[in-house]
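Reproduced below: model_19.txt, with compact mmCIF, C-alpha atoms and all ligand atoms.
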# COMPACT_ATOMS: atom_id res chain seq x y z
CA MET Q 1 19.88 55.31 23.91
CA ILE Q 2 21.27 52.51 26.09
CA ARG Q 3 23.01 49.71 24.19
CA ASN Q 4 24.39 46.41 25.45
CA ASN Q 5 27.69 45.35 23.93
CA ALA Q 6 27.07 41.61 24.20
CA LEU Q 7 23.65 41.89 22.58
CA ASP Q 8 24.95 44.20 19.86
CA ALA Q 9 27.76 41.79 19.03
CA ALA Q 10 25.41 38.78 18.88
CA LEU Q 11 22.90 40.60 16.69
CA ARG Q 12 25.59 41.92 14.34
CA ALA Q 13 27.15 38.48 13.96
CA SER Q 14 23.73 36.94 13.34
CA ILE Q 15 22.86 39.50 10.67
CA HIS Q 16 26.23 38.95 8.98
CA SER Q 17 25.65 35.19 8.93
CA LYS Q 18 22.15 35.65 7.53
CA GLU Q 19 23.37 37.98 4.79
CA ARG Q 20 26.07 35.53 3.69
CA SER Q 21 23.50 32.71 3.72
CA ALA Q 22 21.12 34.75 1.57
CA GLU Q 23 23.86 35.02 -1.06
CA MET Q 24 24.97 31.40 -0.93
CA LEU Q 25 21.78 29.41 -0.31
CA ALA Q 26 19.30 30.84 -2.80
CA ALA Q 27 19.58 27.97 -5.29
CA PRO Q 28 19.65 25.01 -2.85
CA PHE Q 29 16.83 26.60 -0.85
CA ALA Q 30 14.64 26.80 -3.96
CA SER Q 31 15.32 23.11 -4.69
CA ALA Q 32 14.64 22.16 -1.07
CA SER Q 33 11.28 23.93 -0.91
CA THR Q 34 10.13 22.55 -4.28
CA ARG Q 35 11.11 19.07 -3.26
CA LEU Q 36 9.55 19.32 0.19
CA VAL Q 37 6.24 20.45 -1.30
CA ALA Q 38 6.38 17.64 -3.88
CA THR Q 39 7.05 15.08 -1.13
CA LEU Q 40 4.08 16.27 0.93
CA ARG Q 41 1.81 16.47 -2.13
CA ALA Q 42 2.69 12.85 -2.87
CA GLY Q 43 1.53 11.83 0.60
CA GLY Q 44 5.10 11.51 1.88
CA GLN Q 45 6.03 12.49 5.41
CA VAL Q 46 8.84 14.46 7.02
CA LEU Q 47 10.99 12.98 9.78
CA SER Q 48 13.35 15.42 11.51
CA CYS Q 49 16.22 15.00 13.95
CA GLY Q 50 19.10 16.76 15.69
CA ASN Q 51 20.79 17.15 19.09
CA GLY Q 52 20.57 19.93 21.66
CA GLY Q 53 19.46 23.17 20.03
CA SER Q 54 19.04 21.25 16.77
CA SER Q 55 16.59 18.86 18.42
CA GLY Q 56 14.54 21.97 19.18
CA ASP Q 57 14.80 22.95 15.51
CA ALA Q 58 13.65 19.48 14.44
CA GLN Q 59 10.60 19.83 16.71
CA HIS Q 60 9.93 23.38 15.60
CA LEU Q 61 9.76 22.28 11.96
CA ALA Q 62 7.51 19.28 12.70
CA SER Q 63 5.11 21.36 14.77
CA GLU Q 64 4.67 23.91 11.99
CA LEU Q 65 4.03 21.22 9.39
CA VAL Q 66 1.52 19.27 11.49
CA ASN Q 67 -0.29 22.37 12.70
CA ARG Q 68 0.36 25.34 10.39
CA PHE Q 69 2.73 28.23 9.96
CA GLU Q 70 1.02 31.51 9.08
CA SER Q 71 -2.03 30.50 7.06
CA ASN Q 72 -4.78 27.90 7.15
CA ARG Q 73 -4.13 24.71 5.28
CA MET Q 74 -4.50 20.96 5.65
CA ALA Q 75 -2.50 19.16 8.36
CA LEU Q 76 0.76 17.72 7.06
CA PRO Q 77 2.58 14.62 8.33
CA ALA Q 78 5.82 15.31 10.21
CA ILE Q 79 7.47 13.66 13.20
CA ALA Q 80 10.44 14.96 15.20
CA LEU Q 81 12.49 11.95 16.28
CA SER Q 82 13.76 13.61 19.47
CA THR Q 83 10.43 13.78 21.30
CA ASP Q 84 9.54 10.35 22.71
CA SER Q 85 11.67 9.82 25.81
CA SER Q 86 10.59 6.17 26.18
CA VAL Q 87 11.70 5.35 22.64
CA LEU Q 88 14.92 7.37 22.99
CA THR Q 89 15.94 5.84 26.31
CA ALA Q 90 15.11 2.30 25.22
CA ILE Q 91 17.20 2.54 22.06
CA ALA Q 92 20.08 4.34 23.81
CA ASN Q 93 20.02 1.82 26.67
CA ASP Q 94 19.65 -1.38 24.64
CA ALA Q 95 21.70 -0.43 21.56
CA SER Q 96 23.55 2.90 21.64
CA TYR Q 97 22.94 6.62 21.53
CA ALA Q 98 24.20 6.59 17.95
CA ARG Q 99 21.13 4.51 16.98
CA VAL Q 100 18.39 6.65 18.57
CA PHE Q 101 17.29 8.32 15.32
CA ALA Q 102 18.27 5.56 12.87
CA ARG Q 103 16.06 3.00 14.61
CA GLN Q 104 13.07 5.34 14.38
CA VAL Q 105 13.77 6.00 10.69
CA GLU Q 106 13.73 2.22 10.16
CA ALA Q 107 10.37 2.02 11.96
CA LEU Q 108 8.64 4.98 10.35
CA GLY Q 109 10.36 5.92 7.07
CA LYS Q 110 8.94 5.01 3.66
CA PRO Q 111 10.36 5.44 0.15
CA GLY Q 112 9.99 9.05 -0.96
CA ASP Q 113 9.75 10.46 2.58
CA CYS Q 114 12.12 13.24 3.62
CA LEU Q 115 14.57 13.20 6.53
CA VAL Q 116 15.46 16.71 7.66
CA ALA Q 117 18.79 16.27 9.47
CA PHE Q 118 20.07 19.15 11.61
CA SER Q 119 23.71 19.24 12.69
CA THR Q 120 25.78 22.41 12.92
CA SER Q 121 29.04 20.43 12.79
CA GLY Q 122 27.77 17.85 10.33
CA ASN Q 123 29.35 15.23 12.57
CA SER Q 124 26.79 14.10 15.16
CA GLU Q 125 26.99 10.33 15.01
CA ASN Q 126 23.29 9.69 15.60
CA VAL Q 127 22.35 12.10 12.79
CA VAL Q 128 24.89 10.46 10.47
CA GLU Q 129 23.39 7.03 11.29
CA ALA Q 130 19.85 8.35 10.67
CA ILE Q 131 20.92 9.57 7.22
CA ARG Q 132 22.40 6.18 6.36
CA SER Q 133 19.19 4.40 7.39
CA ALA Q 134 17.02 6.87 5.48
CA GLN Q 135 19.04 6.39 2.31
CA VAL Q 136 18.64 2.61 2.57
CA ARG Q 137 14.87 3.13 2.83
CA GLY Q 138 14.69 5.24 -0.36
CA MET Q 139 14.09 8.51 1.52
CA TRP Q 140 15.73 11.75 0.49
CA ILE Q 141 17.76 13.92 2.86
CA LEU Q 142 17.49 17.63 3.51
CA ALA Q 143 20.67 18.29 5.53
CA MET Q 144 20.82 21.50 7.57
CA THR Q 145 24.51 21.89 8.40
CA GLY Q 146 27.25 24.48 8.97
CA ARG Q 147 31.04 24.83 9.04
CA ASP Q 148 32.46 22.49 6.36
CA GLY Q 149 29.40 20.21 6.36
CA GLY Q 150 31.38 17.52 8.23
CA GLN Q 151 30.77 13.83 7.58
CA ILE Q 152 27.17 14.49 6.56
CA SER Q 153 28.22 16.48 3.53
CA GLY Q 154 30.23 13.54 2.22
CA LEU Q 155 27.36 11.11 2.74
CA LEU Q 156 24.78 12.90 0.62
CA GLY Q 157 23.75 11.51 -2.75
CA SER Q 158 22.58 13.27 -5.88
CA ALA Q 159 18.96 13.10 -4.70
CA ASP Q 160 19.78 14.87 -1.42
CA ILE Q 161 20.04 18.59 -0.66
CA GLU Q 162 22.33 20.37 1.80
CA LEU Q 163 21.67 23.84 3.23
CA ARG Q 164 25.07 24.62 4.76
CA ILE Q 165 25.38 27.85 6.71
CA PRO Q 166 28.68 29.60 5.90
CA ASP Q 167 29.70 30.18 9.54
CA SER Q 168 31.72 28.38 12.22
CA SER Q 169 29.73 29.36 15.32
CA THR Q 170 27.15 26.79 16.46
CA ALA Q 171 24.89 29.55 17.75
CA ARG Q 172 24.98 31.58 14.52
CA ILE Q 173 24.39 28.47 12.41
CA GLN Q 174 21.36 27.57 14.52
CA GLU Q 175 20.00 31.09 14.17
CA VAL Q 176 20.08 30.83 10.39
CA HIS Q 177 18.61 27.31 10.51
CA LEU Q 178 15.59 28.82 12.22
CA VAL Q 179 15.18 31.36 9.42
CA LEU Q 180 15.37 28.49 6.91
CA ILE Q 181 12.69 26.56 8.81
CA HIS Q 182 10.34 29.53 8.66
CA ALA Q 183 11.09 30.24 5.00
CA LEU Q 184 10.42 26.58 4.11
CA CYS Q 185 7.16 26.61 6.08
CA ALA Q 186 6.04 29.76 4.26
CA GLU Q 187 6.55 27.96 0.93
CA VAL Q 188 4.63 24.94 2.22
CA ASP Q 189 1.76 27.14 3.43
CA ALA Q 190 1.60 28.82 0.03
CA ALA Q 191 1.53 25.48 -1.78
CA PHE Q 192 -1.20 23.92 0.37
CA THR Q 193 -3.82 26.63 0.31
CA GLU Q 194 -7.48 26.01 1.04
CA THR Q 195 -8.22 26.51 -2.66
CA ASP Q 196 -6.11 23.50 -3.58
CA PHE Q 197 -7.69 21.32 -0.92
CA PRO Q 198 -11.35 22.24 -0.39
CA ALA Q 199 -12.81 21.61 3.05
CA THR Q 200 -14.96 18.74 1.78
CA ASP Q 201 -11.90 16.69 0.89
CA GLN Q 202 -8.81 17.80 2.77
CA THR Q 203 -6.58 14.92 1.90
CA THR Q 204 -7.11 13.87 -1.72
CA PRO Q 205 -6.38 16.18 -4.65
CA SER Q 206 -9.07 15.96 -7.35
CA PHE Q 207 -8.39 13.05 -9.70
CA SER Q 208 -8.55 15.15 -12.86
CA SER Q 209 -5.36 16.92 -11.69
CA LYS Q 210 -3.59 13.57 -11.97
CA ILE Q 211 -4.15 13.47 -15.75
CA LEU Q 212 -1.22 15.13 -17.48
CA ARG Q 213 -1.14 14.67 -21.24
CA ASP Q 214 1.77 17.04 -21.69
CA TRP Q 215 5.02 15.16 -21.01
CA ASP Q 216 6.98 18.28 -19.99
CA THR Q 217 4.38 19.09 -17.33
CA LEU Q 218 4.40 15.46 -16.23
CA GLN Q 219 8.18 15.46 -15.97
CA GLN Q 220 8.08 18.54 -13.75
CA ALA Q 221 5.37 17.07 -11.55
CA CYS Q 222 7.00 13.71 -10.92
CA GLY Q 223 10.72 14.44 -11.43
CA TYR Q 224 11.42 14.86 -7.71
CA ARG Q 225 9.18 12.07 -6.52
CA ARG Q 226 11.64 9.26 -6.35
CA PRO Q 227 11.83 6.30 -6.46
CA LEU Q 228 9.66 6.91 -9.53
CA VAL Q 229 7.69 3.88 -10.79
CA PHE Q 230 6.47 3.61 -14.40
CA THR Q 231 4.08 1.23 -16.06
CA ASN Q 232 2.04 1.28 -19.23
CA GLY Q 233 -0.76 -0.53 -20.99
CA VAL Q 234 -4.20 -0.27 -22.61
CA PHE Q 235 -6.39 -0.72 -19.50
CA ASP Q 236 -9.53 -0.85 -21.65
CA VAL Q 237 -12.01 -2.45 -19.25
CA LEU Q 238 -10.59 -2.18 -15.76
CA HIS Q 239 -10.74 -5.37 -13.69
CA ARG Q 240 -9.55 -6.71 -10.36
CA GLY Q 241 -6.24 -7.98 -11.78
CA HIS Q 242 -5.37 -4.43 -12.92
CA VAL Q 243 -6.23 -2.87 -9.56
CA GLN Q 244 -4.13 -5.41 -7.63
CA TYR Q 245 -1.20 -5.04 -10.01
CA LEU Q 246 -1.24 -1.23 -9.85
CA ALA Q 247 -1.35 -1.28 -6.04
CA GLU Q 248 1.69 -3.56 -5.98
CA ALA Q 249 3.48 -1.35 -8.51
CA ARG Q 250 2.85 1.78 -6.40
CA ALA Q 251 4.32 0.05 -3.33
CA GLU Q 252 7.67 -0.19 -5.17
CA GLY Q 253 8.32 3.55 -4.95
CA ALA Q 254 7.12 7.03 -4.06
CA CYS Q 255 5.13 7.82 -7.20
CA LEU Q 256 3.44 5.75 -9.91
CA VAL Q 257 3.13 7.10 -13.44
CA LEU Q 258 0.77 5.14 -15.65
CA ALA Q 259 0.94 5.68 -19.42
CA VAL Q 260 -1.98 4.42 -21.51
CA ASN Q 261 -1.88 3.69 -25.22
CA SER Q 262 -3.76 6.32 -27.23
CA ASP Q 263 -6.83 5.07 -29.14
CA ALA Q 264 -4.82 5.14 -32.38
CA SER Q 265 -2.00 3.15 -30.85
CA VAL Q 266 -4.48 0.55 -29.46
CA ARG Q 267 -5.94 0.11 -32.97
CA ARG Q 268 -2.44 -0.57 -34.26
CA LEU Q 269 -2.06 -3.38 -31.70
CA GLY Q 270 -4.70 -5.34 -33.63
CA LYS Q 271 -6.80 -6.41 -30.64
CA GLY Q 272 -9.99 -6.16 -32.71
CA ALA Q 273 -11.92 -3.64 -34.75
CA ASP Q 274 -14.02 -2.56 -31.81
CA ARG Q 275 -11.07 -1.92 -29.46
CA PRO Q 276 -10.60 0.10 -27.46
CA ILE Q 277 -14.10 -0.18 -26.06
CA ASN Q 278 -13.42 2.86 -23.88
CA PRO Q 279 -11.80 5.89 -25.49
CA GLU Q 280 -8.54 7.18 -24.03
CA ASP Q 281 -10.16 10.07 -22.12
CA ASP Q 282 -12.46 7.63 -20.32
CA ARG Q 283 -9.69 5.12 -19.62
CA MET Q 284 -7.50 7.87 -18.15
CA ALA Q 285 -10.31 9.23 -15.96
CA VAL Q 286 -11.06 5.80 -14.46
CA LEU Q 287 -7.37 5.10 -13.79
CA ALA Q 288 -6.78 8.54 -12.25
CA ALA Q 289 -9.46 7.79 -9.67
CA LEU Q 290 -7.38 4.90 -8.29
CA GLN Q 291 -5.49 5.69 -5.09
CA SER Q 292 -2.44 3.78 -6.31
CA VAL Q 293 -2.02 5.93 -9.41
CA ASP Q 294 -0.28 9.30 -8.99
CA PHE Q 295 -0.27 10.44 -12.63
CA VAL Q 296 -1.84 9.21 -15.85
CA THR Q 297 -0.60 10.17 -19.28
CA VAL Q 298 -0.99 8.92 -22.83
CA PHE Q 299 1.40 7.88 -25.61
CA ASP Q 300 0.65 7.67 -29.28
CA GLU Q 301 3.81 5.86 -30.36
CA ASP Q 302 3.95 2.07 -30.82
CA THR Q 303 5.95 1.77 -27.58
CA PRO Q 304 6.40 3.95 -24.47
CA LEU Q 305 10.21 4.06 -24.96
CA PRO Q 306 10.43 7.81 -25.74
CA LEU Q 307 8.43 8.57 -22.58
CA ILE Q 308 10.55 6.21 -20.47
CA GLN Q 309 13.68 7.92 -21.78
CA LYS Q 310 12.23 11.30 -20.85
CA LEU Q 311 11.03 10.44 -17.32
CA GLN Q 312 13.95 8.16 -16.39
CA PRO Q 313 11.97 6.05 -13.90
CA ASP Q 314 13.77 4.18 -11.12
CA VAL Q 315 11.42 1.19 -11.37
CA LEU Q 316 9.83 -0.09 -14.58
CA ILE Q 317 6.96 -2.55 -14.17
CA LYS Q 318 4.71 -4.72 -16.34
CA GLY Q 319 2.29 -7.51 -15.55
CA GLY Q 320 3.44 -11.10 -15.15
CA ASP Q 321 2.74 -11.99 -18.81
CA TRP Q 322 5.79 -9.90 -19.74
CA PRO Q 323 9.21 -11.47 -19.02
CA VAL Q 324 11.69 -8.80 -17.89
CA GLU Q 325 13.84 -9.13 -21.01
CA ARG Q 326 10.87 -8.29 -23.26
CA ILE Q 327 9.77 -5.20 -21.32
CA VAL Q 328 10.25 -2.14 -23.52
CA GLY Q 329 12.72 0.30 -21.92
CA ALA Q 330 14.23 -2.33 -19.60
CA SER Q 331 17.81 -1.79 -20.71
CA ALA Q 332 17.49 2.02 -20.49
CA VAL Q 333 16.24 1.78 -16.90
CA GLN Q 334 18.79 -0.85 -15.87
CA ALA Q 335 21.62 1.20 -17.39
CA ARG Q 336 20.78 3.98 -14.90
CA GLY Q 337 20.83 1.52 -11.98
CA GLY Q 338 17.02 1.15 -11.93
CA ARG Q 339 14.94 -2.00 -11.41
CA VAL Q 340 12.70 -3.78 -13.89
CA LEU Q 341 9.94 -5.98 -12.49
CA SER Q 342 7.34 -8.32 -13.90
CA ILE Q 343 4.61 -8.56 -11.25
CA PRO Q 344 2.82 -11.93 -11.30
CA PHE Q 345 -0.96 -11.75 -11.70
CA ARG Q 346 -2.71 -12.74 -8.48
CA HIS Q 347 -6.14 -12.79 -10.13
CA GLN Q 348 -6.59 -14.45 -13.50
CA ARG Q 349 -8.67 -11.82 -15.25
CA SER Q 350 -8.43 -10.38 -18.75
CA THR Q 351 -10.32 -7.70 -20.60
CA SER Q 352 -10.62 -9.92 -23.69
CA ALA Q 353 -12.15 -12.78 -21.62
CA LEU Q 354 -14.56 -10.36 -19.98
CA LEU Q 355 -15.67 -9.05 -23.34
CA GLU Q 356 -16.23 -12.58 -24.67
CA LYS Q 357 -18.35 -13.36 -21.63
CA ILE Q 358 -20.45 -10.24 -22.10
CA ARG Q 359 -20.94 -10.91 -25.81
CA GLY Q 360 -21.79 -14.57 -25.12
CA SER Q 361 -24.55 -13.56 -22.74
CA ARG Q 362 -26.31 -11.39 -25.31
CA PRO Q 363 -29.93 -12.50 -25.92
O1 LIG K 401 22.22 24.66 21.30
C1 LIG K 401 23.40 24.39 21.43
C2 LIG K 401 24.42 25.40 21.15
O2 LIG K 401 23.84 26.62 20.74
C3 LIG K 401 23.86 23.04 21.86
O3 LIG K 401 22.82 22.42 22.62
C4 LIG K 401 24.18 22.14 20.67
O4 LIG K 401 23.02 21.99 19.90
C5 LIG K 401 24.70 20.78 21.12
O5 LIG K 401 26.00 20.98 21.63
C6 LIG K 401 24.72 19.72 20.03
O6 LIG K 401 25.09 18.48 20.58
C7 LIG K 401 25.63 20.06 18.84
O7 LIG K 401 25.47 19.07 17.83
P1 LIG K 401 25.72 19.38 16.28
O8 LIG K 401 25.03 20.66 15.94
O9 LIG K 401 27.20 19.46 16.08
O10 LIG K 401 25.12 18.20 15.55
ZN ZN K 402 21.79 26.91 21.61
Just give me the structure of the file as C-alpha cells.
Amino acid sequence: MIRNNALDAALRASIHSKERSAEMLAAPFASASTRLVATLRAGGQVLSCGNGGSSGDAQHLASELVNRFESNRMALPAIALSTDSSVLTAIANDASYARVFARQVEALGKPGDCLVAFSTSGNSENVVEAIRSAQVRGMWILAMTGRDGGQISGLLGSADIELRIPDSSTARIQEVHLVLIHALCAEVDAAFTETDFPATDQTTPSFSSKILRDWDTLQQACGYRRPLVFTNGVFDVLHRGHVQYLAEARAEGACLVLAVNSDASVRRLGKGADRPINPEDDRMAVLAALQSVDFVTVFDEDTPLPLIQKLQPDVLIKGGDWPVERIVGASAVQARGGRVLSIPFRHQRSTSALLEKIRGSRP
C-alpha cells in the first residue's frame, strides 16, 4: 500500500482534533442545536460571517439551511454576510473593512435572530464588530472559534454560546468547524420534518400547538426565545384594540407569551355574572390563531405573578390603562434588567362596551 506522509500527518492531526472536540464540546453543542432550532421555529433567521476559509464555512452553513442538508424539509432563512461583493466593497471603501459584517447585521438582524460568527483566532476585527452590533440588536451569538477564543470569547454574554475547538492550527480548527456545521444541520433537518410542517402549510405551525397549559412545557418551549415578551389578560371578546396591542407587544421581542385568566379567575374579577362570555378553551384558541402570539397559556391564580416568576420574561407588557407601577410582576422583571411597558391603546374599544351595544340592540 502506498502512503503519503503529508496526507497521513494531516489526517492524523485532524482526527486527533476531532476526538478532543467530541470530548469537550458535547454540552455546548447540545445547547447550540436546541437554541438554533428554537430560533428557526420562532421565525428567526441566521446570519453568518467569517474571513477566508471561515467565509466559506459561513456560506456552507447558510446554503444548507436555505436549501436542505440530508432530508426534505421547509426552506429556512439564512444569509451569509460574505457573499455580496457590491455590499462588501461599498462598506469597506466608504467606512472600513472592520464594518463589512456589522453594517449588514444592522440592516438585516432582528431581535431573537442568531449570528453564527466563525473565527479560528477569535480576533478578526470585522467578526468582533459584527458580534457587537448583533448584541445591540437583541440577537444571540453562536461563536465558532479556536485557540483561546481570542477577543470574541470575552465579548460573549450569558445568552450566547461558544463552540471553541481545542487546537491551535487554523486548518485543523476549520476542519472541525465543518463537522460542527454538518452536525448542526442534521439536528435542524430532524427538527423540521415534513410531518411537522405539512405540504399544505409549509411556514405556519398549527395554532393548537401554540396552546401550552402546562407551565413546565411552556418554559421549555420559550426559554431560549429571547427577548421574551409576556402579557396577560381576559381577552373575552377579541376586538381590534387587542389585535393592535398584541402586534405591538410582539414587536418588542422574539417571542410573545400570552397568559389568559382561567374562567374561575375571571369570575373572581367581578366583571359580571355572565363573564366570561367565552370559556377559556375558546379564548385560547382564538388568541393562538393570531400571528403575533407565539404561545398561549392560562393561569388560575388572582394574578400572573407566579407565572412571571417562572418564565422570567425580558419584557412585561400591559395595555395603556395600566400605569407601569401598577403592572403585576413589574419589580420582578425590572430587578432582572428587563423592561416594563404600558402600550397606549390606538383604538378605543372595550369588550364591556361591545357587550352593552349588543345587548342594547336586542329586539
Ligand atoms: O483558510 C484559511 C486557512 O486555512 C485562511 O483563508 C484563513 O481563513 C484566513 O487567514 C482568515 O483571515 C483567518 O481569520 P480568523 O480565522 O482568525 O478569523
Ligand atoms: Zn483554509
Please produce, as JSON lines, a per-residue contact table for chain Q versus ligand LIG 401 (chain K) (criterion: any atom at most 8 Å away, all atoms listed in the file considered), showing the nearest atom pair and its distance in Å to one decimal, sorted by chain then residue number.
{"residue": "Q:Gly50", "atom": "CA", "partner": "K:LIG401", "partner_atom": "O10", "distance": 6.2}
{"residue": "Q:Asn51", "atom": "CA", "partner": "K:LIG401", "partner_atom": "O6", "distance": 4.7}
{"residue": "Q:Gly52", "atom": "CA", "partner": "K:LIG401", "partner_atom": "O3", "distance": 3.5}
{"residue": "Q:Gly53", "atom": "CA", "partner": "K:LIG401", "partner_atom": "O1", "distance": 3.4}
{"residue": "Q:Ser54", "atom": "CA", "partner": "K:LIG401", "partner_atom": "O4", "distance": 5.1}
{"residue": "Q:Ser55", "atom": "CA", "partner": "K:LIG401", "partner_atom": "O4", "distance": 7.3}
{"residue": "Q:Phe118", "atom": "CA", "partner": "K:LIG401", "partner_atom": "O10", "distance": 6.5}
{"residue": "Q:Ser119", "atom": "CA", "partner": "K:LIG401", "partner_atom": "O10", "distance": 3.4}
{"residue": "Q:Thr120", "atom": "CA", "partner": "K:LIG401", "partner_atom": "O8", "distance": 3.6}
{"residue": "Q:Ser121", "atom": "CA", "partner": "K:LIG401", "partner_atom": "O9", "distance": 3.9}
{"residue": "Q:Gly122", "atom": "CA", "partner": "K:LIG401", "partner_atom": "O10", "distance": 5.9}
{"residue": "Q:Asn123", "atom": "CA", "partner": "K:LIG401", "partner_atom": "O9", "distance": 5.9}
{"residue": "Q:Ser124", "atom": "CA", "partner": "K:LIG401", "partner_atom": "O10", "distance": 4.4}
{"residue": "Q:Val127", "atom": "CA", "partner": "K:LIG401", "partner_atom": "O10", "distance": 7.2}
{"residue": "Q:Thr145", "atom": "CA", "partner": "K:LIG401", "partner_atom": "O8", "distance": 7.7}
{"residue": "Q:Thr170", "atom": "CA", "partner": "K:LIG401", "partner_atom": "O2", "distance": 5.4}
{"residue": "Q:Ala171", "atom": "CA", "partner": "K:LIG401", "partner_atom": "O2", "distance": 4.3}
{"residue": "Q:Gln174", "atom": "CA", "partner": "K:LIG401", "partner_atom": "O2", "distance": 6.8}
Those same residues, written as a PDB file, in the coordinates of the input with C-alpha atoms?
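The resulting file, selection-v7.pdb, is reproduced below:
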ATOM      1  CA  GLY Q  50      19.100  16.760  15.690  1.00  0.00           C
ATOM      2  CA  ASN Q  51      20.790  17.150  19.090  1.00  0.00           C
ATOM      3  CA  GLY Q  52      20.570  19.930  21.660  1.00  0.00           C
ATOM      4  CA  GLY Q  53      19.460  23.170  20.030  1.00  0.00           C
ATOM      5  CA  SER Q  54      19.040  21.250  16.770  1.00  0.00           C
ATOM      6  CA  SER Q  55      16.590  18.860  18.420  1.00  0.00           C
ATOM      7  CA  PHE Q 118      20.070  19.150  11.610  1.00  0.00           C
ATOM      8  CA  SER Q 119      23.710  19.240  12.690  1.00  0.00           C
ATOM      9  CA  THR Q 120      25.780  22.410  12.920  1.00  0.00           C
ATOM     10  CA  SER Q 121      29.040  20.430  12.790  1.00  0.00           C
ATOM     11  CA  GLY Q 122      27.770  17.850  10.330  1.00  0.00           C
ATOM     12  CA  ASN Q 123      29.350  15.230  12.570  1.00  0.00           C
ATOM     13  CA  SER Q 124      26.790  14.100  15.160  1.00  0.00           C
ATOM     14  CA  VAL Q 127      22.350  12.100  12.790  1.00  0.00           C
ATOM     15  CA  THR Q 145      24.510  21.890   8.400  1.00  0.00           C
ATOM     16  CA  THR Q 170      27.150  26.790  16.460  1.00  0.00           C
ATOM     17  CA  ALA Q 171      24.890  29.550  17.750  1.00  0.00           C
ATOM     18  CA  GLN Q 174      21.360  27.570  14.520  1.00  0.00           C
TER      19      GLN Q 174
END
Distance query Leu269 of chain Q at most 10 Å, only C-alpha atoms, self and fewer than 5 positions along chain excluded, as number ranges by chain: Q: 234, 261, 264, 275, 302
Point-to-point distance in Å for atom CA of Arg267 of chain Q and atom CA of Gln309 of chain Q: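 That distance, rounded to one decimal, is 23.9 Å.
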Nearest to His16 of chain Q, chosen from Q:Leu156, Q:Ala259, Q:Ile173, Q:Leu36, with all atoms listed in the file counted in the distances: Q:Ile173
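The two atoms in question, atom CA of Arg3 of chain Q and atom CA of Ala22 of chain Q, are spaced 27.2 Å apart.
Computed from the coordinates, the atom CA of Ser14 of chain Q to atom CA of Ala191 of chain Q distance equals 29.2 Å.
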Nearest residue to Phe235 of chain Q from the set Q:Leu218, Q:Ile91, Q:Leu212, Q:Leu287 (distances using all atoms listed in the file):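 So, comparing all the options, the nearest one is Q:Leu287.
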Selected residue, from Q:Thr303, Q:Gln334, Q:Thr217, Q:Ser169, that lies nearest to ligand ZN 402 (chain K) when counting all atoms listed in the file: Q:Ser169
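Candidate residues Q:Leu354, Q:Ile152, Q:Arg20, Q:Met139 were compared for distance to Thr39 of chain Q, and the nearest is Q:Met139, using all atoms listed in the file.
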Residue nearest ligand ZN 402 (chain K) among Q:Leu178, Q:Ile165, Q:Val296, Q:Ala330 (counting only C-alpha atoms and all ligand atoms): Q:Leu178
